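> Structure supplied as query-v8.cif; contents: mmCIF, C-alpha atoms and all ligand atoms.
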```cif
data_final
loop_
_atom_site.label_atom_id
_atom_site.label_comp_id
_atom_site.auth_asym_id
_atom_site.auth_seq_id
_atom_site.Cartn_x
_atom_site.Cartn_y
_atom_site.Cartn_z
CA MET A 1 -117.11 203.86 -51.12
CA VAL A 2 -114.78 203.20 -48.20
CA LYS A 3 -114.97 200.16 -45.96
CA ALA A 4 -113.19 200.65 -42.64
CA VAL A 5 -112.58 197.75 -40.25
CA VAL A 6 -111.68 197.93 -36.57
CA LEU A 7 -110.06 194.82 -35.05
CA GLY A 8 -110.40 195.02 -31.28
CA ALA A 9 -113.49 197.19 -31.68
CA ALA A 10 -115.06 196.50 -28.28
CA GLY A 11 -112.09 197.74 -26.27
CA GLY A 12 -111.22 201.00 -24.58
CA ILE A 13 -109.82 202.43 -27.81
CA GLY A 14 -111.93 200.35 -30.17
CA GLN A 15 -115.31 201.70 -29.07
CA PRO A 16 -114.65 205.46 -29.27
CA LEU A 17 -112.55 204.93 -32.40
CA SER A 18 -115.46 203.09 -34.02
CA LEU A 19 -117.75 205.94 -33.00
CA LEU A 20 -115.47 208.48 -34.67
CA LEU A 21 -115.25 206.35 -37.81
CA LYS A 22 -119.06 206.05 -37.82
CA ILE A 23 -119.29 209.82 -38.07
CA ASN A 24 -116.55 210.10 -40.71
CA PRO A 25 -118.45 211.21 -43.84
CA HIS A 26 -116.20 209.21 -46.19
CA VAL A 27 -116.79 205.85 -44.50
CA THR A 28 -119.65 203.99 -46.16
CA GLU A 29 -119.21 200.65 -44.41
CA LEU A 30 -117.83 199.94 -40.96
CA ALA A 31 -117.02 196.41 -39.79
CA LEU A 32 -116.25 195.79 -36.12
CA TYR A 33 -114.48 192.66 -34.97
CA ASP A 34 -113.53 191.63 -31.45
CA ILE A 35 -113.37 188.40 -29.47
CA VAL A 36 -116.17 189.84 -27.31
CA ASN A 37 -119.12 192.26 -27.64
CA ALA A 38 -118.54 193.49 -31.19
CA PRO A 39 -122.12 192.83 -32.38
CA GLY A 40 -123.52 194.86 -29.47
CA VAL A 41 -121.20 197.78 -30.13
CA ALA A 42 -122.18 197.63 -33.82
CA VAL A 43 -125.93 197.67 -33.15
CA ASP A 44 -125.45 200.59 -30.76
CA LEU A 45 -123.49 202.58 -33.35
CA SER A 46 -125.90 201.62 -36.13
CA HIS A 47 -128.57 203.88 -34.59
CA ILE A 48 -126.44 206.97 -35.24
CA ALA A 49 -127.88 208.95 -38.12
CA THR A 50 -124.92 208.86 -40.49
CA PRO A 51 -124.99 206.99 -43.81
CA SER A 52 -122.50 204.20 -43.09
CA LYS A 53 -123.63 200.63 -42.57
CA VAL A 54 -122.20 199.01 -39.40
CA GLU A 55 -121.82 195.31 -38.69
CA GLY A 56 -120.20 193.47 -35.79
CA PHE A 57 -118.44 190.11 -35.89
CA LEU A 58 -117.14 187.53 -33.41
CA PRO A 59 -114.87 184.50 -33.78
CA PRO A 60 -116.35 181.01 -33.43
CA PRO A 61 -116.62 179.63 -29.88
CA LYS A 62 -113.25 179.09 -28.17
CA ASP A 63 -112.70 175.36 -28.56
CA SER A 64 -114.37 175.05 -31.94
CA LYS A 65 -112.35 173.94 -34.97
CA GLU A 66 -114.46 176.12 -37.28
CA PRO A 67 -112.66 178.67 -39.47
CA ASN A 68 -112.99 182.26 -38.27
CA VAL A 69 -115.79 183.26 -40.61
CA GLY A 70 -116.57 186.36 -38.52
CA LEU A 71 -113.09 187.77 -39.02
CA GLU A 72 -113.17 186.85 -42.70
CA LYS A 73 -116.51 188.59 -43.20
CA ALA A 74 -115.31 191.67 -41.34
CA LEU A 75 -112.22 191.92 -43.55
CA THR A 76 -113.76 191.12 -46.93
CA GLY A 77 -113.57 194.21 -49.15
CA ALA A 78 -111.72 196.26 -46.50
CA ASP A 79 -110.01 199.46 -47.62
CA VAL A 80 -108.65 200.49 -44.22
CA VAL A 81 -108.04 198.18 -41.26
CA VAL A 82 -107.25 199.70 -37.88
CA ILE A 83 -105.84 197.39 -35.19
CA PRO A 84 -106.26 198.36 -31.53
CA ALA A 85 -106.59 194.70 -30.41
CA GLY A 86 -104.52 193.57 -27.47
CA VAL A 87 -103.81 194.21 -23.83
CA PRO A 88 -102.89 197.63 -22.44
CA ARG A 89 -100.27 198.47 -19.79
CA LYS A 90 -100.69 198.58 -16.05
CA PRO A 91 -98.49 200.76 -13.81
CA GLY A 92 -94.89 199.53 -13.71
CA MET A 93 -95.04 197.89 -17.15
CA THR A 94 -93.22 198.96 -20.30
CA ARG A 95 -94.86 198.70 -23.69
CA ASP A 96 -92.39 195.91 -24.46
CA ASP A 97 -93.89 193.90 -21.57
CA LEU A 98 -97.03 193.64 -23.73
CA PHE A 99 -95.14 191.78 -26.47
CA LYS A 100 -95.76 188.37 -24.86
CA ILE A 101 -99.51 188.64 -25.42
CA ASN A 102 -99.93 191.18 -28.19
CA ALA A 103 -97.37 189.77 -30.65
CA GLY A 104 -99.44 186.63 -31.17
CA ILE A 105 -102.71 188.58 -31.41
CA VAL A 106 -101.26 190.91 -34.05
CA ARG A 107 -99.66 188.01 -35.96
CA ASP A 108 -102.98 186.17 -36.20
CA LEU A 109 -104.91 189.26 -37.26
CA ALA A 110 -102.22 190.13 -39.83
CA THR A 111 -102.49 186.60 -41.24
CA ALA A 112 -106.23 187.07 -41.71
CA ILE A 113 -105.67 190.44 -43.41
CA ALA A 114 -102.98 188.98 -45.69
CA THR A 115 -105.32 186.24 -46.88
CA THR A 116 -108.60 188.19 -47.00
CA ALA A 117 -107.75 191.85 -47.64
CA PRO A 118 -104.13 192.01 -48.81
CA LYS A 119 -104.58 195.41 -50.47
CA ALA A 120 -106.00 197.12 -47.40
CA PHE A 121 -104.21 199.99 -45.70
CA VAL A 122 -103.25 198.65 -42.27
CA LEU A 123 -102.99 201.01 -39.29
CA VAL A 124 -101.36 199.37 -36.26
CA ILE A 125 -102.16 200.78 -32.82
CA SER A 126 -101.48 197.67 -30.67
CA ASN A 127 -98.34 197.98 -28.55
CA PRO A 128 -95.44 197.64 -28.63
CA VAL A 129 -95.81 199.46 -31.99
CA ASN A 130 -92.02 199.37 -32.49
CA SER A 131 -92.32 195.56 -32.77
CA THR A 132 -95.91 194.95 -33.89
CA VAL A 133 -95.44 196.83 -37.19
CA PRO A 134 -92.46 194.61 -38.16
CA ILE A 135 -94.61 191.60 -37.17
CA VAL A 136 -97.35 192.62 -39.63
CA ALA A 137 -94.74 193.25 -42.35
CA GLU A 138 -93.14 189.82 -41.86
CA VAL A 139 -96.51 188.06 -41.98
CA PHE A 140 -97.33 189.92 -45.19
CA LYS A 141 -93.92 189.02 -46.66
CA LYS A 142 -94.60 185.34 -45.90
CA HIS A 143 -97.82 185.64 -47.88
CA ASN A 144 -96.08 187.61 -50.67
CA VAL A 145 -98.41 190.56 -50.22
CA PHE A 146 -96.19 193.08 -48.41
CA ASP A 147 -96.56 196.62 -49.71
CA PRO A 148 -94.67 198.98 -47.39
CA LYS A 149 -96.70 201.92 -48.68
CA ARG A 150 -99.80 200.46 -47.05
CA LEU A 151 -98.51 199.65 -43.59
CA PHE A 152 -98.55 202.31 -40.87
CA GLY A 153 -97.61 202.33 -37.21
CA VAL A 154 -99.87 204.89 -35.55
CA THR A 155 -97.68 207.36 -33.64
CA THR A 156 -100.13 210.26 -33.95
CA LEU A 157 -100.77 210.39 -30.21
CA ASP A 158 -97.17 211.50 -29.61
CA VAL A 159 -97.70 214.39 -32.01
CA VAL A 160 -101.07 215.25 -30.46
CA ARG A 161 -99.46 215.30 -27.01
CA ALA A 162 -96.58 217.44 -28.28
CA SER A 163 -99.05 220.02 -29.67
CA THR A 164 -101.04 220.05 -26.43
CA PHE A 165 -98.03 220.37 -24.13
CA VAL A 166 -96.36 223.06 -26.26
CA ALA A 167 -99.61 225.07 -26.22
CA GLU A 168 -99.62 224.75 -22.41
CA VAL A 169 -96.04 226.03 -22.26
CA LEU A 170 -96.96 228.94 -24.53
CA GLY A 171 -99.85 229.70 -22.17
CA ASP A 172 -102.50 229.56 -24.90
CA ARG A 173 -104.50 226.33 -25.18
CA SER A 174 -106.45 227.74 -28.12
CA LEU A 175 -103.30 227.22 -30.20
CA SER A 176 -103.08 223.49 -29.53
CA SER A 177 -104.84 222.28 -32.67
CA SER A 178 -102.76 224.53 -34.92
CA ILE A 179 -99.38 223.72 -33.38
CA THR A 180 -97.37 221.06 -35.18
CA VAL A 181 -94.24 219.51 -33.74
CA PRO A 182 -92.60 216.64 -35.64
CA VAL A 183 -92.06 213.62 -33.40
CA VAL A 184 -89.76 211.00 -34.89
CA GLY A 185 -88.22 207.65 -33.94
CA GLY A 186 -90.60 205.12 -32.47
CA HIS A 187 -93.43 204.83 -29.96
CA SER A 188 -92.03 204.11 -26.53
CA GLY A 189 -90.05 206.11 -23.99
CA VAL A 190 -86.71 207.32 -25.31
CA THR A 191 -87.53 206.18 -28.85
CA ILE A 192 -90.09 209.04 -28.96
CA VAL A 193 -88.08 212.02 -30.19
CA PRO A 194 -89.85 215.38 -30.37
CA LEU A 195 -88.12 217.92 -32.62
CA LEU A 196 -89.14 221.01 -30.67
CA SER A 197 -86.78 223.19 -32.71
CA GLN A 198 -89.10 222.55 -35.68
CA SER A 199 -92.30 223.48 -33.83
CA SER A 200 -94.61 225.58 -35.99
CA HIS A 201 -94.87 227.84 -32.92
CA PRO A 202 -91.37 228.38 -31.50
CA LEU A 203 -90.82 228.21 -27.77
CA PRO A 204 -89.72 231.46 -26.11
CA SER A 205 -85.92 231.88 -26.02
CA SER A 206 -86.10 232.01 -22.21
CA PHE A 207 -87.40 228.43 -22.36
CA ASP A 208 -84.18 226.43 -22.45
CA GLY A 209 -82.02 223.90 -20.61
CA SER A 210 -83.95 221.97 -18.00
CA ALA A 211 -87.29 223.43 -19.16
CA VAL A 212 -86.78 221.92 -22.62
CA ASP A 213 -85.58 218.66 -21.06
CA SER A 214 -88.71 218.32 -18.95
CA LEU A 215 -90.98 219.12 -21.90
CA VAL A 216 -89.20 216.47 -23.98
CA ASN A 217 -89.53 214.04 -21.08
CA ARG A 218 -93.25 214.77 -20.72
CA ILE A 219 -93.83 214.03 -24.43
CA GLN A 220 -91.73 210.84 -24.25
CA PHE A 221 -93.51 209.58 -21.16
CA GLY A 222 -96.99 211.04 -21.73
CA GLY A 223 -98.37 207.51 -21.94
CA ASP A 224 -97.08 206.76 -18.42
CA GLU A 225 -98.92 209.83 -17.11
CA VAL A 226 -102.22 208.26 -18.24
CA VAL A 227 -101.31 204.74 -17.07
CA LYS A 228 -100.50 206.13 -13.63
CA ALA A 229 -103.68 208.22 -13.42
CA LYS A 230 -105.85 205.26 -14.50
CA ASP A 231 -104.20 203.28 -11.71
CA GLY A 232 -104.50 199.77 -13.10
CA ALA A 233 -107.52 200.37 -15.34
CA GLY A 234 -105.49 200.62 -18.57
CA SER A 235 -103.79 203.26 -20.66
CA ALA A 236 -104.80 206.09 -22.98
CA THR A 237 -108.00 205.20 -24.80
CA LEU A 238 -109.96 208.37 -25.56
CA SER A 239 -107.00 210.48 -26.69
CA MET A 240 -105.80 207.46 -28.69
CA ALA A 241 -109.19 207.05 -30.33
CA TYR A 242 -109.08 210.74 -31.26
CA ALA A 243 -105.53 210.38 -32.65
CA GLY A 244 -106.35 207.12 -34.46
CA ALA A 245 -109.47 208.56 -36.05
CA GLU A 246 -107.57 211.68 -37.18
CA PHE A 247 -104.91 209.45 -38.71
CA ALA A 248 -107.44 207.16 -40.40
CA ALA A 249 -109.36 210.18 -41.74
CA LYS A 250 -106.20 211.49 -43.42
CA VAL A 251 -105.39 208.10 -44.96
CA ILE A 252 -108.97 207.89 -46.25
CA ARG A 253 -108.81 211.41 -47.73
CA ALA A 254 -105.55 210.47 -49.48
CA ILE A 255 -107.06 207.25 -50.87
CA LYS A 256 -109.89 209.35 -52.24
CA GLY A 257 -107.38 211.45 -54.18
CA GLU A 258 -106.67 214.45 -51.96
CA ARG A 259 -103.08 215.62 -52.34
CA GLY A 260 -100.68 217.33 -49.96
CA ILE A 261 -101.50 215.31 -46.84
CA THR A 262 -98.58 214.61 -44.50
CA VAL A 263 -98.90 212.43 -41.41
CA PRO A 264 -96.46 211.15 -38.82
CA SER A 265 -96.06 207.39 -39.02
CA TYR A 266 -93.78 204.51 -38.11
CA VAL A 267 -93.02 202.97 -41.49
CA ASN A 268 -90.70 200.53 -43.24
CA LEU A 269 -87.74 202.40 -44.75
CA THR A 270 -86.07 199.73 -46.84
CA ALA A 271 -88.51 199.39 -49.67
CA HIS A 272 -89.20 203.09 -50.15
CA PRO A 273 -87.42 204.61 -53.10
CA GLU A 274 -88.64 208.04 -52.02
CA GLY A 275 -86.96 209.14 -48.85
CA GLY A 276 -86.28 205.86 -47.02
CA GLU A 277 -82.55 205.76 -47.76
CA ALA A 278 -82.16 209.50 -47.20
CA LEU A 279 -83.83 209.19 -43.79
CA ARG A 280 -81.53 206.29 -42.91
CA LYS A 281 -78.57 208.53 -43.75
CA ASP A 282 -80.01 211.27 -41.51
CA ILE A 283 -80.42 208.76 -38.69
CA GLY A 284 -76.92 207.36 -39.22
CA LYS A 285 -78.01 203.73 -38.79
CA GLU A 286 -79.41 201.04 -41.08
CA LEU A 287 -82.74 200.78 -39.28
CA ASP A 288 -85.59 199.14 -41.19
CA TYR A 289 -88.35 201.08 -39.41
CA PHE A 290 -88.58 204.63 -38.12
CA SER A 291 -91.32 207.16 -37.51
CA SER A 292 -91.21 210.38 -39.48
CA PRO A 293 -93.67 212.65 -41.27
CA VAL A 294 -94.73 210.87 -44.48
CA GLU A 295 -96.49 212.27 -47.53
CA LEU A 296 -99.57 210.34 -48.58
CA GLY A 297 -101.04 209.61 -52.00
CA PRO A 298 -103.84 207.36 -53.26
CA ASN A 299 -101.58 204.30 -52.90
CA GLY A 300 -100.34 205.14 -49.43
CA VAL A 301 -96.92 206.47 -48.45
CA GLU A 302 -95.45 208.44 -51.35
CA LYS A 303 -92.47 210.00 -49.65
CA ILE A 304 -90.81 209.73 -46.27
CA ASN A 305 -89.46 213.03 -45.03
CA GLY A 306 -86.01 213.29 -43.52
CA LEU A 307 -85.13 214.78 -40.16
CA GLY A 308 -84.42 218.27 -41.53
CA THR A 309 -82.15 220.52 -39.52
CA ILE A 310 -81.96 219.34 -35.93
CA THR A 311 -80.11 220.79 -32.95
CA PRO A 312 -77.17 219.02 -31.27
CA ALA A 313 -79.44 218.19 -28.32
CA GLU A 314 -81.99 216.60 -30.69
CA ARG A 315 -79.16 214.60 -32.32
CA VAL A 316 -78.36 213.20 -28.87
CA LEU A 317 -82.02 212.18 -28.49
CA VAL A 318 -82.07 210.52 -31.92
CA ASN A 319 -78.90 208.59 -31.07
CA ALA A 320 -80.37 207.53 -27.73
CA ALA A 321 -83.41 206.06 -29.53
CA LEU A 322 -81.48 203.84 -31.92
CA THR A 323 -80.42 200.91 -29.71
CA GLU A 324 -83.87 200.28 -28.26
CA LEU A 325 -85.51 200.73 -31.67
CA ALA A 326 -83.15 198.25 -33.34
CA ALA A 327 -83.79 195.67 -30.59
CA SER A 328 -87.58 196.09 -30.80
CA ILE A 329 -87.55 195.74 -34.59
CA ASP A 330 -85.41 192.59 -34.36
CA LYS A 331 -87.72 191.16 -31.74
CA GLY A 332 -90.75 191.61 -34.00
CA VAL A 333 -89.00 190.25 -37.10
CA SER A 334 -87.63 187.19 -35.26
CA PHE A 335 -91.04 186.42 -33.79
CA ILE A 336 -92.24 185.62 -37.31
CA GLN A 337 -89.02 184.45 -38.94
CA ALA A 338 -87.68 182.20 -36.19
CA PRO A 339 -88.50 178.56 -36.89
CA LYS A 340 -90.98 177.11 -34.39
CA LEU A 341 -89.18 174.60 -32.10
N1 LIG A 401 -100.21 203.37 -30.62
C1 LIG A 401 -100.54 204.10 -29.58
O1 LIG A 401 -100.24 205.30 -29.51
C2 LIG A 401 -101.33 203.50 -28.47
C3 LIG A 401 -101.49 202.15 -28.38
N2 LIG A 401 -102.24 201.58 -27.38
C4 LIG A 401 -102.36 200.13 -27.37
O2 LIG A 401 -103.62 199.74 -27.91
C5 LIG A 401 -103.97 198.43 -27.43
C6 LIG A 401 -105.43 198.39 -26.97
O3 LIG A 401 -105.61 199.21 -25.85
P1 LIG A 401 -107.05 199.34 -25.14
O4 LIG A 401 -108.11 199.54 -26.16
O5 LIG A 401 -106.90 200.30 -24.03
O6 LIG A 401 -107.21 197.85 -24.54
P2 LIG A 401 -108.57 197.10 -24.14
O7 LIG A 401 -108.18 195.92 -23.35
O8 LIG A 401 -109.53 198.06 -23.56
O9 LIG A 401 -109.15 196.64 -25.55
C7 LIG A 401 -108.50 195.70 -26.34
C8 LIG A 401 -109.55 194.91 -27.09
O10 LIG A 401 -108.88 193.96 -27.91
C9 LIG A 401 -109.69 192.81 -27.91
N3 LIG A 401 -108.92 191.65 -28.36
C10 LIG A 401 -108.05 190.89 -27.65
N4 LIG A 401 -107.60 189.88 -28.42
C11 LIG A 401 -108.16 190.04 -29.64
C12 LIG A 401 -108.11 189.32 -30.84
N5 LIG A 401 -107.35 188.23 -30.98
N6 LIG A 401 -108.84 189.76 -31.88
C13 LIG A 401 -109.61 190.86 -31.77
N7 LIG A 401 -109.73 191.56 -30.65
C14 LIG A 401 -109.01 191.16 -29.59
C15 LIG A 401 -110.20 192.68 -26.48
O11 LIG A 401 -111.32 191.83 -26.40
C16 LIG A 401 -110.51 194.13 -26.17
O12 LIG A 401 -111.85 194.45 -26.49
C17 LIG A 401 -102.96 198.13 -26.32
O13 LIG A 401 -101.97 197.27 -26.81
C18 LIG A 401 -102.37 199.49 -25.99
O14 LIG A 401 -101.08 199.40 -25.46
C19 LIG A 401 -102.85 202.36 -26.45
C20 LIG A 401 -102.74 203.73 -26.50
C21 LIG A 401 -101.93 204.41 -27.48
O1 LIG A 402 -98.76 204.24 -22.67
C1 LIG A 402 -99.30 203.23 -23.18
O2 LIG A 402 -99.06 202.07 -22.86
C2 LIG A 402 -100.27 203.47 -24.28
C3 LIG A 402 -99.61 204.29 -25.31
O3 LIG A 402 -98.92 203.79 -26.17
C4 LIG A 402 -99.68 205.75 -25.16
O4 LIG A 402 -100.52 206.26 -24.42
O5 LIG A 402 -98.86 206.42 -25.82
#
```
Let's see the structure in the file written out as structure tokens.
Ligand SMILES: NC(=O)C1=CN([C@@H]2O[C@H](COP(=O)(O)OP(=O)(O)OC[C@H]3O[C@@H](n4cnc5c(N)ncnc54)[C@H](O)[C@@H]3O)[C@@H](O)[C@H]2O)C=CC1
Ligand SMILES: O=C([O-])CC(=O)C(=O)O


Amino acid sequence: MVKAVVLGAAGGIGQPLSLLLKINPHVTELALYDIVNAPGVAVDLSHIATPSKVEGFLPPPKDSKEPNVGLEKALTGADVVVIPAGVPRKPGMTRDDLFKINAGIVRDLATAIATTAPKAFVLVISNPVNSTVPIVAEVFKKHNVFDPKRLFGVTTLDVVRASTFVAEVLGDRSLSSSITVPVVGGHSGVTIVPLLSQSSHPLPSSFDGSAVDSLVNRIQFGGDEVVKAKDGAGSATLSMAYAGAEFAAKVIRAIKGERGITVPSYVNLTAHPEGGEALRKDIGKELDYFSSPVELGPNGVEKINGLGTITPAERVLVNAALTELAASIDKGVSFIQAPKL
């Protein structure tokens, strides 16, 4: 029995992600919550002939003083909670520009999870991921329920893009689903660090210098490509739903006891005996969060992998990521820790 919950389920990511979770054979119950339209999306999905039960929930009316029973019902008994709630970018914006609105949304949802489903695995999609994951952690710490093994920043889309773009460079799109390229760091611009030297399918030796630089740049700024093409109508939704559902499916398989599953994720390093400190040494900075491939077990993250052997050019990229990452982490932590004036 697996209950999956989507918070922000009526949105551009939320709807296709909920569809993909509805057809996941391991999911037996699917709860959809949004501030609008969630019951309609749930009834629509409930007609799909797969075994899971689907229900949709709304908050109470805006000015009501009622407790949010809809959110509580959605979260009760949750095993996996995926959060794509929040506003997306428009052209000219950075992911950090979303902090103003999304930080509060994520804080409030995290508070509800901490009080209603503190043992759930929490998968954070809402941007800026580099800050929203620390926000969830700090809320959980305040409620004394923080388990770093169960909190994941979803960076899968960077890895999906890297596979796709490398396959394009190799001139064989049929390879794209079998290519793996570790992407480490964080989830915005220069904090996205593809380790092309560790690609399962090496690039041709003729592919060097500026060709590598522009491939790295395309992976780092793949999100901008979509924002620009959508021209004001939002950011990646369908590819993100695909990536989020793949990620959730792997977490669910691990919970159900499957071994040997490794996923990329932006995770807390400090509380991980297995690999956190070693990764910090590899990075060369005392960062509390970083994205790296992590090995999953039934209780979540079992081991965080290090950077492995990287090239001097990749070291430059890692170093370039550190300042922005540290600032984004601090921003998220202070948002919860700073006393309200
Ligand atoms: N981690 C990643 O790789 C990616 C992250 N994103 C991020 O995902 C987020 C969602 O993007 P879209 O689905 O395109 O946006 P959207 O605007 O289409 O959908 C967001 C949904 O969240 C809902 N929502 C707002 N406040 C809420 C609250 N307090 N509780 C529950 N639901 C609430 C809205 O009603 C809406 O249905 C954005 O922050 C975006 O930047 C987008 C793509 C990739
Ligand atoms: O670009 C954005 O704002 C959405 C996102 O995180 C991505 O597509 O990687």

> Using all atoms listed in the file, can you tell me which of A:Ser64, A:Ser292, A:Ser177, A:Asn127 comes closest to ligand LIG 401 (chain A)?

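Between A:Ser64, A:Ser292, A:Ser177, A:Asn127, the residue approaching ligand LIG 401 (chain A) most closely is A:Asn127.
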
> Could the residues of chain A that have an atom at most 10 Å from ligand LIG 402 (chain A) be listed as a Markdown table, each with its closest atom pair and the distance in Å to one decimal, counting only C-alpha atoms and all ligand atoms and ordered by chain and ascending residue number?


```
| residue | atom | partner | partner_atom | distance |
| --- | --- | --- | --- | --- |
| A:Val87 | CA | A:LIG402 | O2 | 9.2 |
| A:Pro88 | CA | A:LIG402 | O2 | 5.9 |
| A:Arg89 | CA | A:LIG402 | O2 | 4.9 |
| A:Lys90 | CA | A:LIG402 | O2 | 7.8 |
| A:Pro91 | CA | A:LIG402 | O2 | 9.2 |
| A:Met93 | CA | A:LIG402 | O2 | 8.1 |
| A:Thr94 | CA | A:LIG402 | O2 | 7.1 |
| A:Arg95 | CA | A:LIG402 | O2 | 5.4 |
| A:Asp96 | CA | A:LIG402 | O2 | 9.2 |
| A:Asp97 | CA | A:LIG402 | O2 | 9.8 |
| A:Leu98 | CA | A:LIG402 | O2 | 8.7 |
| A:Ile125 | CA | A:LIG402 | O3 | 8.0 |
| A:Ser126 | CA | A:LIG402 | O3 | 8.0 |
| A:Asn127 | CA | A:LIG402 | O3 | 6.3 |
| A:Pro128 | CA | A:LIG402 | O3 | 7.5 |
| A:Val129 | CA | A:LIG402 | O3 | 7.9 |
| A:Val154 | CA | A:LIG402 | O3 | 9.5 |
| A:Thr155 | CA | A:LIG402 | O5 | 8.0 |
| A:Thr156 | CA | A:LIG402 | O5 | 9.1 |
| A:Leu157 | CA | A:LIG402 | O5 | 6.2 |
| A:Asp158 | CA | A:LIG402 | O5 | 6.6 |
| A:Arg161 | CA | A:LIG402 | O5 | 9.0 |
| A:His187 | CA | A:LIG402 | O3 | 6.8 |
| A:Ser188 | CA | A:LIG402 | O3 | 6.9 |
| A:Gly189 | CA | A:LIG402 | O5 | 9.0 |
| A:Ile192 | CA | A:LIG402 | O5 | 9.7 |
| A:Ile219 | CA | A:LIG402 | O5 | 9.2 |
| A:Gln220 | CA | A:LIG402 | O5 | 8.5 |
| A:Phe221 | CA | A:LIG402 | O1 | 7.6 |
| A:Gly222 | CA | A:LIG402 | O5 | 6.4 |
| A:Gly223 | CA | A:LIG402 | O1 | 3.4 |
| A:Asp224 | CA | A:LIG402 | O1 | 5.2 |
| A:Glu225 | CA | A:LIG402 | O1 | 7.9 |
| A:Val226 | CA | A:LIG402 | O4 | 6.7 |
| A:Val227 | CA | A:LIG402 | O1 | 6.2 |
| A:Lys228 | CA | A:LIG402 | O1 | 9.4 |
| A:Gly234 | CA | A:LIG402 | O2 | 7.9 |
| A:Ser235 | CA | A:LIG402 | C2 | 5.1 |
| A:Ala236 | CA | A:LIG402 | O4 | 4.5 |
| A:Thr237 | CA | A:LIG402 | O4 | 7.6 |
| A:Leu238 | CA | A:LIG402 | O4 | 9.7 |
| A:Ser239 | CA | A:LIG402 | O4 | 8.1 |
| A:Met240 | CA | A:LIG402 | O4 | 6.9 |
```

> Selected residues, C-alpha atoms, written as a compact mmCIF listing (two decimals), in the coordinates of the input, please.


```txt
# COMPACT_ATOMS: atom_id res chain seq x y z
CA VAL A 87 -103.81 194.21 -23.83
CA PRO A 88 -102.89 197.63 -22.44
CA ARG A 89 -100.27 198.47 -19.79
CA LYS A 90 -100.69 198.58 -16.05
CA PRO A 91 -98.49 200.76 -13.81
CA MET A 93 -95.04 197.89 -17.15
CA THR A 94 -93.22 198.96 -20.30
CA ARG A 95 -94.86 198.70 -23.69
CA ASP A 96 -92.39 195.91 -24.46
CA ASP A 97 -93.89 193.90 -21.57
CA LEU A 98 -97.03 193.64 -23.73
CA ILE A 125 -102.16 200.78 -32.82
CA SER A 126 -101.48 197.67 -30.67
CA ASN A 127 -98.34 197.98 -28.55
CA PRO A 128 -95.44 197.64 -28.63
CA VAL A 129 -95.81 199.46 -31.99
CA VAL A 154 -99.87 204.89 -35.55
CA THR A 155 -97.68 207.36 -33.64
CA THR A 156 -100.13 210.26 -33.95
CA LEU A 157 -100.77 210.39 -30.21
CA ASP A 158 -97.17 211.50 -29.61
CA ARG A 161 -99.46 215.30 -27.01
CA HIS A 187 -93.43 204.83 -29.96
CA SER A 188 -92.03 204.11 -26.53
CA GLY A 189 -90.05 206.11 -23.99
CA ILE A 192 -90.09 209.04 -28.96
CA ILE A 219 -93.83 214.03 -24.43
CA GLN A 220 -91.73 210.84 -24.25
CA PHE A 221 -93.51 209.58 -21.16
CA GLY A 222 -96.99 211.04 -21.73
CA GLY A 223 -98.37 207.51 -21.94
CA ASP A 224 -97.08 206.76 -18.42
CA GLU A 225 -98.92 209.83 -17.11
CA VAL A 226 -102.22 208.26 -18.24
CA VAL A 227 -101.31 204.74 -17.07
CA LYS A 228 -100.50 206.13 -13.63
CA GLY A 234 -105.49 200.62 -18.57
CA SER A 235 -103.79 203.26 -20.66
CA ALA A 236 -104.80 206.09 -22.98
CA THR A 237 -108.00 205.20 -24.80
CA LEU A 238 -109.96 208.37 -25.56
CA SER A 239 -107.00 210.48 -26.69
CA MET A 240 -105.80 207.46 -28.69
```

> Figure out the distance between CA of Arg107 in chain A and CA of Lys141 in chain A, please, to one decimal in Å.

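These atoms are spaced 12.2 Å apart.
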
> Please indicate the distance in Å from CA of Gly244 in chain A to CA of Gly308 in chain A, rounded to one decimal place.

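Computing it gives 25.6 Å between the two atoms.
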
> For Glu295 in chain A, which residue among A:Val251, A:Ala211, A:Ala85, A:Val216 is the nearest when counting only C-alpha atoms?

A:Val251

> Which is closest to Gly297 in chain A among A:Val263, A:Val333, A:Leu317, A:Val2, if we use only C-alpha atoms?

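When distances to Gly297 in chain A are compared using only C-alpha atoms, the smallest one comes from A:Val263.
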
> With all atoms listed in the file as the basis for distance, which of A:Pro134, A:Pro84, A:Gly8, A:Gly40 is at the shortest distance from Gln337 in chain A?

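Using all atoms listed in the file, the shortest distance to Gln337 in chain A belongs to A:Pro134.
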
> To one decimal place in Å, what is the distance between atom C5 of ligand LIG 401 (chain A) and CA of Glu138 in chain A?

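Rounded to one decimal, the two atoms are 20.0 Å apart.
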
> Excluding Ala326 in chain A and its own-chain neighbours fewer than 3 positions away, which residues fall within 12 Å of it when counting only C-alpha atoms? Please give them as a PyMOL selection string.

chain A and resi 130-131+134+185-186+191+285-290+319-323+329-333

> With 8 Å on each side, where is the centre of the axis-aligned box around all listed atoms of range 204-219 of chain A, and how long are its edges in Å to one decimal, as AutoDock Vina command-line options?


```
--center_x -87.9 --center_y 223.0 --center_z -22.1 --size_x 27.8 --size_y 34.0 --size_z 24.1
```

> Near Glu274 in chain A, counting all atoms listed in the file, which residues have an atom at most 8 Å away, once you skip same-chain residues fewer than 5 positions from it, shown as number ranges by chain?

A: 302-304

> Neighbours of Val169 in chain A within 9 Å (only C-alpha atoms; same-chain residues fewer than 4 positions away dropped), as number ranges by chain?

A: 164-165, 173, 203, 207, 215

> Which polymer residues have any atom within 12 Å of an atom of Leu21 in chain A, counting only C-alpha atoms, with same-chain residues fewer than 6 positions away left out, as JSON, numbers by chain?

{"A": [2, 3, 4, 5, 6, 9, 14, 15, 27, 28, 29, 30, 31, 32, 42, 45, 46, 48, 50, 51, 52, 53, 54, 80, 81, 82, 241, 242, 243, 244, 245, 246, 247, 248, 249, 250, 252]}
